[in-house]
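Have a look at model_32.cif below; it lists mmCIF, C-alpha atoms.
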```
data_protein
loop_
_atom_site.group_PDB
_atom_site.id
_atom_site.type_symbol
_atom_site.label_atom_id
_atom_site.label_comp_id
_atom_site.auth_asym_id
_atom_site.auth_seq_id
_atom_site.Cartn_x
_atom_site.Cartn_y
_atom_site.Cartn_z
ATOM 1 C CA MET U 1 -14.980 24.084 -22.117
ATOM 2 C CA THR U 2 -17.137 21.171 -21.002
ATOM 3 C CA ASP U 3 -17.513 18.334 -23.519
ATOM 4 C CA MET U 4 -20.912 18.103 -25.201
ATOM 5 C CA ILE U 5 -23.147 15.243 -24.058
ATOM 6 C CA LYS U 6 -23.809 13.039 -27.079
ATOM 7 C CA ILE U 7 -27.319 11.572 -27.452
ATOM 8 C CA LEU U 8 -28.484 9.260 -30.250
ATOM 9 C CA CYS U 9 -32.176 9.263 -31.213
ATOM 10 C CA VAL U 10 -33.447 6.300 -33.261
ATOM 11 C CA ASP U 11 -36.910 6.165 -34.852
ATOM 12 C CA ASP U 12 -38.236 5.068 -38.248
ATOM 13 C CA GLU U 13 -40.561 8.101 -38.357
ATOM 14 C CA LYS U 14 -38.815 11.259 -39.547
ATOM 15 C CA ASN U 15 -41.352 13.571 -37.888
ATOM 16 C CA VAL U 16 -40.532 11.975 -34.513
ATOM 17 C CA LEU U 17 -36.814 12.567 -35.090
ATOM 18 C CA LYS U 18 -37.542 16.182 -36.026
ATOM 19 C CA ALA U 19 -39.581 16.615 -32.843
ATOM 20 C CA LEU U 20 -36.731 15.196 -30.773
ATOM 21 C CA ARG U 21 -34.210 17.501 -32.452
ATOM 22 C CA ARG U 22 -36.450 20.522 -31.749
ATOM 23 C CA LEU U 23 -36.620 19.380 -28.120
ATOM 24 C CA PHE U 24 -32.887 19.949 -27.762
ATOM 25 C CA ILE U 25 -32.581 23.186 -29.760
ATOM 26 C CA GLU U 26 -32.315 25.339 -26.635
ATOM 27 C CA GLU U 27 -30.164 22.794 -24.793
ATOM 28 C CA ASP U 28 -26.608 23.870 -25.638
ATOM 29 C CA SER U 29 -24.956 21.093 -23.611
ATOM 30 C CA TYR U 30 -26.256 18.285 -25.874
ATOM 31 C CA GLU U 31 -25.013 17.081 -29.267
ATOM 32 C CA ILE U 32 -27.785 15.123 -31.040
ATOM 33 C CA PHE U 33 -27.358 12.301 -33.561
ATOM 34 C CA LEU U 34 -30.299 10.872 -35.558
ATOM 35 C CA ALA U 35 -30.851 7.407 -37.067
ATOM 36 C CA GLU U 36 -33.907 6.020 -38.900
ATOM 37 C CA SER U 37 -33.309 2.364 -38.026
ATOM 38 C CA GLY U 38 -31.603 0.115 -35.528
ATOM 39 C CA ALA U 39 -28.932 -0.819 -38.064
ATOM 40 C CA GLU U 40 -28.221 2.836 -38.795
ATOM 41 C CA GLY U 41 -28.111 3.533 -35.063
ATOM 42 C CA LEU U 42 -25.475 0.814 -34.565
ATOM 43 C CA GLU U 43 -23.379 2.389 -37.337
ATOM 44 C CA VAL U 44 -23.512 5.756 -35.580
ATOM 45 C CA LEU U 45 -22.429 4.145 -32.312
ATOM 46 C CA GLU U 46 -19.515 2.463 -34.084
ATOM 47 C CA GLU U 47 -18.377 5.744 -35.670
ATOM 48 C CA GLU U 48 -18.957 8.181 -32.793
ATOM 49 C CA GLU U 49 -17.137 7.835 -29.490
ATOM 50 C CA ASN U 50 -18.653 8.469 -26.065
ATOM 51 C CA ILE U 51 -22.345 8.527 -26.953
ATOM 52 C CA ARG U 52 -23.792 8.594 -23.465
ATOM 53 C CA MET U 53 -27.463 7.959 -24.218
ATOM 54 C CA VAL U 54 -29.703 6.254 -26.766
ATOM 55 C CA ILE U 55 -33.392 7.117 -27.124
ATOM 56 C CA SER U 56 -35.089 4.529 -29.326
ATOM 57 C CA ASP U 57 -38.575 3.814 -30.653
ATOM 58 C CA TYR U 58 -39.994 0.475 -29.522
ATOM 59 C CA ARG U 59 -41.597 -0.688 -32.806
ATOM 60 C CA MET U 60 -39.414 -0.377 -35.905
ATOM 61 C CA PRO U 61 -39.258 -2.511 -39.063
ATOM 62 C CA GLU U 62 -36.480 -5.068 -39.596
ATOM 63 C CA MET U 63 -34.960 -4.514 -36.152
ATOM 64 C CA THR U 64 -37.201 -3.735 -33.177
ATOM 65 C CA GLY U 65 -36.214 -1.270 -30.516
ATOM 66 C CA VAL U 66 -35.763 -4.151 -28.073
ATOM 67 C CA ASP U 67 -33.359 -5.991 -30.408
ATOM 68 C CA PHE U 68 -31.485 -2.774 -31.103
ATOM 69 C CA LEU U 69 -31.108 -1.861 -27.418
ATOM 70 C CA ALA U 70 -30.106 -5.429 -26.553
ATOM 71 C CA GLN U 71 -27.109 -5.041 -28.891
ATOM 72 C CA VAL U 72 -26.372 -1.604 -27.463
ATOM 73 C CA ASN U 73 -26.412 -3.118 -23.975
ATOM 74 C CA GLU U 74 -24.004 -5.838 -25.073
ATOM 75 C CA LYS U 75 -21.491 -3.624 -26.901
ATOM 76 C CA TRP U 76 -21.854 -0.333 -24.994
ATOM 77 C CA PRO U 77 -23.155 -1.288 -21.546
ATOM 78 C CA GLU U 78 -22.362 2.140 -20.051
ATOM 79 C CA THR U 79 -24.673 3.931 -22.503
ATOM 80 C CA MET U 80 -28.005 4.903 -20.948
ATOM 81 C CA ARG U 81 -31.041 3.516 -22.808
ATOM 82 C CA ILE U 82 -34.550 5.002 -23.045
ATOM 83 C CA VAL U 83 -37.481 3.536 -25.011
ATOM 84 C CA LEU U 84 -40.281 5.549 -26.647
ATOM 85 C CA SER U 85 -43.489 3.705 -27.536
ATOM 86 C CA GLY U 86 -46.997 4.539 -28.657
ATOM 87 C CA TYR U 87 -48.274 1.177 -27.399
ATOM 88 C CA ALA U 88 -49.373 0.732 -23.812
ATOM 89 C CA ASP U 89 -48.326 -2.908 -23.734
ATOM 90 C CA THR U 90 -47.157 -4.268 -20.381
ATOM 91 C CA ALA U 91 -45.498 -7.250 -22.043
ATOM 92 C CA ALA U 92 -43.554 -4.895 -24.291
ATOM 93 C CA VAL U 93 -42.320 -2.954 -21.280
ATOM 94 C CA VAL U 94 -41.142 -6.130 -19.552
ATOM 95 C CA GLU U 95 -39.446 -7.352 -22.724
ATOM 96 C CA ALA U 96 -37.639 -4.037 -23.230
ATOM 97 C CA ILE U 97 -36.448 -3.983 -19.617
ATOM 98 C CA ASN U 98 -35.245 -7.585 -19.636
ATOM 99 C CA GLN U 99 -33.468 -7.613 -22.997
ATOM 100 C CA GLY U 100 -32.359 -4.024 -23.441
ATOM 101 C CA GLN U 101 -31.747 -3.224 -19.762
ATOM 102 C CA ILE U 102 -33.422 0.148 -20.337
ATOM 103 C CA TYR U 103 -33.417 2.993 -17.851
ATOM 104 C CA LYS U 104 -36.937 4.261 -18.654
ATOM 105 C CA PHE U 105 -39.949 3.363 -20.828
ATOM 106 C CA ILE U 106 -41.705 6.572 -22.001
ATOM 107 C CA PRO U 107 -45.069 6.538 -23.842
ATOM 108 C CA LYS U 108 -45.781 8.549 -26.999
ATOM 109 C CA PRO U 109 -46.727 11.329 -27.226
ATOM 110 C CA TRP U 110 -44.347 12.480 -24.547
ATOM 111 C CA ASN U 111 -44.289 15.598 -22.419
ATOM 112 C CA ASP U 112 -41.214 17.649 -23.356
ATOM 113 C CA GLU U 113 -40.442 18.788 -19.820
ATOM 114 C CA GLU U 114 -40.856 15.279 -18.438
ATOM 115 C CA LEU U 115 -38.626 13.806 -21.156
ATOM 116 C CA LEU U 116 -35.909 16.408 -20.538
ATOM 117 C CA SER U 117 -36.172 15.749 -16.806
ATOM 118 C CA THR U 118 -35.867 11.991 -17.404
ATOM 119 C CA ILE U 119 -32.803 12.524 -19.602
ATOM 120 C CA ALA U 120 -31.161 14.725 -16.953
ATOM 121 C CA SER U 121 -31.918 12.137 -14.243
ATOM 122 C CA ALA U 122 -30.538 9.311 -16.397
ATOM 123 C CA LEU U 123 -27.291 11.193 -17.045
ATOM 124 C CA GLU U 124 -26.980 12.021 -13.349
ATOM 125 C CA HIS U 125 -27.515 8.348 -12.546
ATOM 126 C CA GLN U 126 -24.813 7.475 -15.084
ATOM 127 C CA ASP U 127 -22.366 9.968 -13.523
ATOM 128 C CA MET U 128 -23.070 8.580 -10.078
ATOM 129 C CA ARG U 129 -22.538 5.034 -11.300
ATOM 130 C CA ARG U 130 -19.208 6.025 -12.875
ATOM 131 C CA GLU U 131 -18.133 7.783 -9.708
ATOM 132 C CA ILE U 132 -18.965 4.735 -7.617
ATOM 133 C CA ARG U 133 -17.061 2.519 -10.045
ATOM 134 C CA ASN U 134 -14.043 4.834 -9.925
ATOM 135 C CA LEU U 135 -14.159 4.951 -6.138
ATOM 136 C CA ASN U 136 -14.388 1.164 -5.971
ATOM 137 C CA ALA U 137 -11.437 0.859 -8.345
ATOM 138 C CA GLU U 138 -9.424 3.324 -6.256
ATOM 139 C CA LEU U 139 -10.395 1.481 -3.077
ATOM 140 C CA GLN U 140 -9.363 -1.817 -4.634
ATOM 141 C CA LYS U 141 -6.044 -0.266 -5.667
ATOM 142 C CA LYS U 142 -5.437 1.038 -2.142
ATOM 143 C CA ASN U 143 -6.395 -2.328 -0.655
ATOM 144 C CA THR U 144 -3.960 -4.068 -3.003
ATOM 145 C CA GLU U 145 -1.208 -1.608 -2.099
ATOM 146 C CA LEU U 146 -1.959 -2.065 1.603
ATOM 147 C CA GLN U 147 -1.889 -5.831 1.218
ATOM 148 C CA GLU U 148 1.486 -5.628 -0.541
ATOM 149 C CA ILE U 149 2.801 -3.366 2.223
ATOM 150 C CA ASN U 150 1.563 -5.800 4.875
ATOM 151 C CA GLU U 151 3.118 -8.741 3.058
ATOM 152 C CA ASN U 152 6.414 -6.883 2.673
ATOM 153 C CA LEU U 153 6.250 -5.811 6.311
ATOM 154 C CA GLU U 154 5.615 -9.369 7.449
ATOM 155 C CA GLU U 155 8.536 -10.567 5.339
ATOM 156 C CA LEU U 156 10.744 -7.771 6.681
ATOM 157 C CA VAL U 157 9.763 -8.562 10.273
ATOM 158 C CA LYS U 158 10.430 -12.239 9.608
ATOM 159 C CA LYS U 159 13.886 -11.478 8.205
ATOM 160 C CA ARG U 160 14.679 -9.073 11.058
ATOM 161 C CA THR U 161 13.535 -11.667 13.579
ATOM 162 C CA GLU U 162 15.675 -14.323 11.920
ATOM 163 C CA ALA U 163 18.632 -11.921 11.901
ATOM 164 C CA LEU U 164 18.120 -11.147 15.586
ATOM 165 C CA ASP U 165 17.874 -14.846 16.384
ATOM 166 C CA ILE U 166 21.123 -15.479 14.528
ATOM 167 C CA ARG U 167 22.776 -12.535 16.272
ATOM 168 C CA ASN U 168 21.605 -13.769 19.669
ATOM 169 C CA GLN U 169 22.923 -17.221 18.880
ATOM 170 C CA VAL U 170 26.265 -15.746 17.832
ATOM 171 C CA LEU U 171 26.403 -13.674 21.020
ATOM 172 C CA GLN U 172 25.582 -16.703 23.121
ATOM 173 C CA ILE U 173 28.279 -18.734 21.386
ATOM 174 C CA SER U 174 30.757 -15.860 21.721
ATOM 175 C CA GLN U 175 29.967 -15.508 25.406
ATOM 176 C CA GLY U 176 30.318 -19.249 25.840
ATOM 177 C CA ILE U 177 33.746 -19.141 24.223
ATOM 178 C CA LEU U 178 34.814 -16.212 26.412
ATOM 179 C CA ASP U 179 33.629 -18.022 29.538
ATOM 180 C CA THR U 180 35.849 -21.002 28.733
ATOM 181 C CA LEU U 181 38.994 -18.900 28.291
ATOM 182 C CA PRO U 182 41.496 -19.065 31.183
ATOM 183 C CA VAL U 183 41.987 -15.300 31.011
ATOM 184 C CA VAL U 184 40.082 -12.284 32.298
ATOM 185 C CA VAL U 185 38.282 -10.264 29.593
ATOM 186 C CA PHE U 186 36.415 -6.987 30.122
ATOM 187 C CA GLY U 187 34.651 -4.737 27.631
ATOM 188 C CA ILE U 188 34.468 -1.090 28.731
ATOM 189 C CA ASP U 189 32.592 1.675 26.905
ATOM 190 C CA GLN U 190 33.791 5.234 26.290
ATOM 191 C CA ASP U 191 32.191 6.432 29.529
ATOM 192 C CA GLY U 192 34.078 3.911 31.609
ATOM 193 C CA MET U 193 31.137 1.552 32.193
ATOM 194 C CA ILE U 194 31.779 -2.189 32.163
ATOM 195 C CA VAL U 195 29.505 -3.590 29.433
ATOM 196 C CA SER U 196 30.784 -7.140 29.047
ATOM 197 C CA CYS U 197 32.953 -9.694 30.784
ATOM 198 C CA ASN U 198 33.565 -13.422 30.955
ATOM 199 C CA GLU U 199 33.152 -15.884 33.815
ATOM 200 C CA PHE U 200 36.763 -15.583 35.002
ATOM 201 C CA ALA U 201 36.333 -11.780 35.172
ATOM 202 C CA ARG U 202 33.204 -12.095 37.297
ATOM 203 C CA GLU U 203 34.986 -14.402 39.693
ATOM 204 C CA LEU U 204 37.996 -12.087 40.004
ATOM 205 C CA PHE U 205 35.874 -8.954 40.527
ATOM 206 C CA PRO U 206 32.570 -10.032 42.143
ATOM 207 C CA TYR U 207 31.931 -6.397 43.173
ATOM 208 C CA ASP U 208 29.799 -6.748 46.305
ATOM 209 C CA GLY U 209 28.185 -9.913 45.004
ATOM 210 C CA ILE U 210 26.243 -8.177 42.233
ATOM 211 C CA GLY U 211 28.921 -8.537 39.564
ATOM 212 C CA PRO U 212 30.870 -5.904 37.639
ATOM 213 C CA LEU U 213 28.480 -5.414 34.698
ATOM 214 C CA GLY U 214 26.889 -2.005 34.490
ATOM 215 C CA ASN U 215 29.257 -0.437 36.972
ATOM 216 C CA ASP U 216 31.966 2.180 36.587
ATOM 217 C CA ARG U 217 35.442 0.699 36.134
ATOM 218 C CA ASN U 218 36.861 3.104 38.694
ATOM 219 C CA GLU U 219 34.622 1.546 41.337
ATOM 220 C CA VAL U 220 35.264 -2.067 40.323
ATOM 221 C CA PHE U 221 38.992 -2.136 39.496
ATOM 222 C CA PRO U 222 41.901 -1.319 41.803
ATOM 223 C CA ALA U 223 43.974 1.783 41.131
ATOM 224 C CA ALA U 224 46.690 -0.153 39.318
ATOM 225 C CA VAL U 225 44.242 -1.497 36.700
ATOM 226 C CA ASN U 226 42.567 1.865 36.193
ATOM 227 C CA GLY U 227 45.980 3.500 35.913
ATOM 228 C CA MET U 228 46.948 1.125 33.110
ATOM 229 C CA ILE U 229 43.685 1.905 31.288
ATOM 230 C CA ASP U 230 44.296 5.643 31.690
ATOM 231 C CA LYS U 231 47.627 5.262 29.893
ATOM 232 C CA LEU U 232 45.646 4.814 26.666
ATOM 233 C CA LYS U 233 45.588 8.600 26.516
ATOM 234 C CA THR U 234 49.297 8.596 25.804
ATOM 235 C CA GLU U 235 50.095 5.018 24.766
ATOM 236 C CA PRO U 236 48.414 2.956 22.000
ATOM 237 C CA ASN U 237 48.585 -0.394 23.786
ATOM 238 C CA PRO U 238 49.550 -0.257 27.496
ATOM 239 C CA LYS U 239 50.919 -3.479 29.009
ATOM 240 C CA GLU U 240 51.878 -4.168 32.621
ATOM 241 C CA VAL U 241 52.308 -6.942 35.156
ATOM 242 C CA LEU U 242 49.714 -6.423 37.863
ATOM 243 C CA GLU U 243 49.040 -8.016 41.186
ATOM 244 C CA ILE U 244 45.353 -8.543 41.924
ATOM 245 C CA GLN U 245 44.144 -10.407 44.982
ATOM 246 C CA LYS U 246 47.643 -11.760 45.628
ATOM 247 C CA GLN U 247 47.881 -13.135 42.079
ATOM 248 C CA LYS U 248 49.988 -11.726 39.269
ATOM 249 C CA PHE U 249 48.574 -11.048 35.780
ATOM 250 C CA TYR U 250 49.924 -9.872 32.484
ATOM 251 C CA GLY U 251 47.656 -6.913 31.806
ATOM 252 C CA GLU U 252 46.937 -5.416 28.403
ATOM 253 C CA VAL U 253 44.499 -2.746 27.194
ATOM 254 C CA LYS U 254 43.400 -2.345 23.578
ATOM 255 C CA LYS U 255 41.241 0.327 22.062
ATOM 256 C CA LEU U 256 38.482 -0.992 19.829
ATOM 257 C CA ASP U 257 38.216 -0.030 16.185
ATOM 258 C CA GLU U 258 36.285 3.237 15.872
ATOM 259 C CA ASP U 259 33.933 1.566 13.380
ATOM 260 C CA LEU U 260 32.841 -0.833 16.106
ATOM 261 C CA SER U 261 32.993 1.232 19.279
ATOM 262 C CA ASP U 262 34.883 3.898 21.156
ATOM 263 C CA GLY U 263 35.405 1.495 24.035
ATOM 264 C CA VAL U 264 38.345 -0.611 25.168
ATOM 265 C CA VAL U 265 39.118 -4.236 25.983
ATOM 266 C CA LEU U 266 40.988 -5.178 29.144
ATOM 267 C CA ILE U 267 42.744 -8.547 29.161
ATOM 268 C CA LEU U 268 44.370 -10.070 32.233
ATOM 269 C CA VAL U 269 46.341 -13.281 31.706
ATOM 270 C CA PRO U 270 47.350 -15.196 34.860
ATOM 271 C CA LYS U 271 51.163 -15.228 35.331
ATOM 272 C CA HIS U 272 52.317 -18.620 36.484
ATOM 273 C CA GLU U 273 55.441 -18.723 38.588
ATOM 274 C CA ASP U 274 58.321 -20.739 37.142
#
```

Represent the structure of the file as structure tokens.
Amino acid sequence: MTDMIKILCVDDEKNVLKALRRLFIEEDSYEIFLAESGAEGLEVLEEEENIRMVISDYRMPEMTGVDFLAQVNEKWPETMRIVLSGYADTAAVVEAINQGQIYKFIPKPWNDEELLSTIASALEHQDMRREIRNLNAELQKKNTELQEINENLEELVKKRTEALDIRNQVLQISQGILDTLPVVVFGIDQDGMIVSCNEFARELFPYDGIGPLGNDRNEVFPAAVNGMIDKLKTEPNPKEVLEIQKQKFYGEVKKLDEDLSDGVVLILVPKHED
């Protein structure tokens, strides 16, 4: 069931309040509250929640309609405000608009159909204003979330970039260390492709001048070296003395830890004659 729309009518003349109540008799979507003064109207607003509209007389004793609506505007700014007046006073209209921030100034006596139409339009305007405010709030929320995502993404990219820089530096240092070693070192993946090597290895196996990297070991190495690598199928750590380009080497093949790779490392240490 849809909540009733609460409307407060304020006028010091009881017959006017009765006329306003009769106006809404056939309107089953409205719940009407009556007050005979501005002070009484403020009490009703304090006691009742979600009063969406106030219809107030302009001239009332003790507290004028303008003063009353000015307080309503201050304490309940979302409440729609309509002024009824039997005085065609332009200055009064301006005053009511400026101080009470009213939606409409309606002269007495009013036309029932026009007043009901004005009330419906005011409530529709209020709904639209709320919808816009909610959409703006949702948009602001999404913008904030997007900004946080962008900031986190930028930070993540920065950290990844720093990590990559550090990794590249480590690789460069590692390669530099390998290049200074007086031994031949090859890294070979599970498919038999040569994926890394040091300077000594490149000199020993220049492979048609293009270097051994990226080539199949069976094409780069002589049969004796490949035969030692093949022994990994039956031996955990094959070792042999090999002769390569008229120079003898202590050869050794080690399988890498499965957590790192399924490849192998080939090490050839020059054998110096006594």

- Just the residues within 8 Å of segment 180-182 of chain U, please, counting all atoms listed in the file, with nothing from its chain fewer than 4 positions along; format it as a PyMOL selection string. chain U and resi 176+199-200+269-270

Residues from last step as file, C-alpha atoms, as a tab-separated table (two decimals), keeping the file's coordinate frame:
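Here's the written file part-v2.tsv:
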```
chain	number	residue	atom	x	y	z
U	176	GLY	CA	30.32	-19.25	25.84
U	199	GLU	CA	33.15	-15.88	33.82
U	200	PHE	CA	36.76	-15.58	35.00
U	269	VAL	CA	46.34	-13.28	31.71
U	270	PRO	CA	47.35	-15.20	34.86
```

- How would you write, as a PyMOL selection string, the residues chosen by the PyMOL selection byres ((chain U and resi 212-214) around 10) on this structure? chain U and resi 186-188+192-197+201-211+215-217+219-221

- Using the chain letters and residue numbers of this document, give as a list in words the residues selected by the PyMOL selection byres ((chain U and resi 54-71) around 6). Ile7, Leu8, Cys9, Val10, Asp11, Gly38, Met53, Val72, Asn73, Glu74, Arg81, Ile82, Val83, Leu84, Ser85, Ala96, Gln99 and Gly100 of chain U

- Message: Using the chain letters and numbers from this file, what does the PyMOL selection byres ((chain U and resi 125) around 12) select? Give the answer as a ChimeraX atom specification.
- Response: /U:52-53,78-81,103-104,118-124,126-132

- Which distance in Å separates atom CA of Leu135 of chain U and atom CA of Pro77 of chain U, to one decimal?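 Calculated distance between atom CA of Leu135 of chain U and atom CA of Pro77 of chain U is 18.9 Å.
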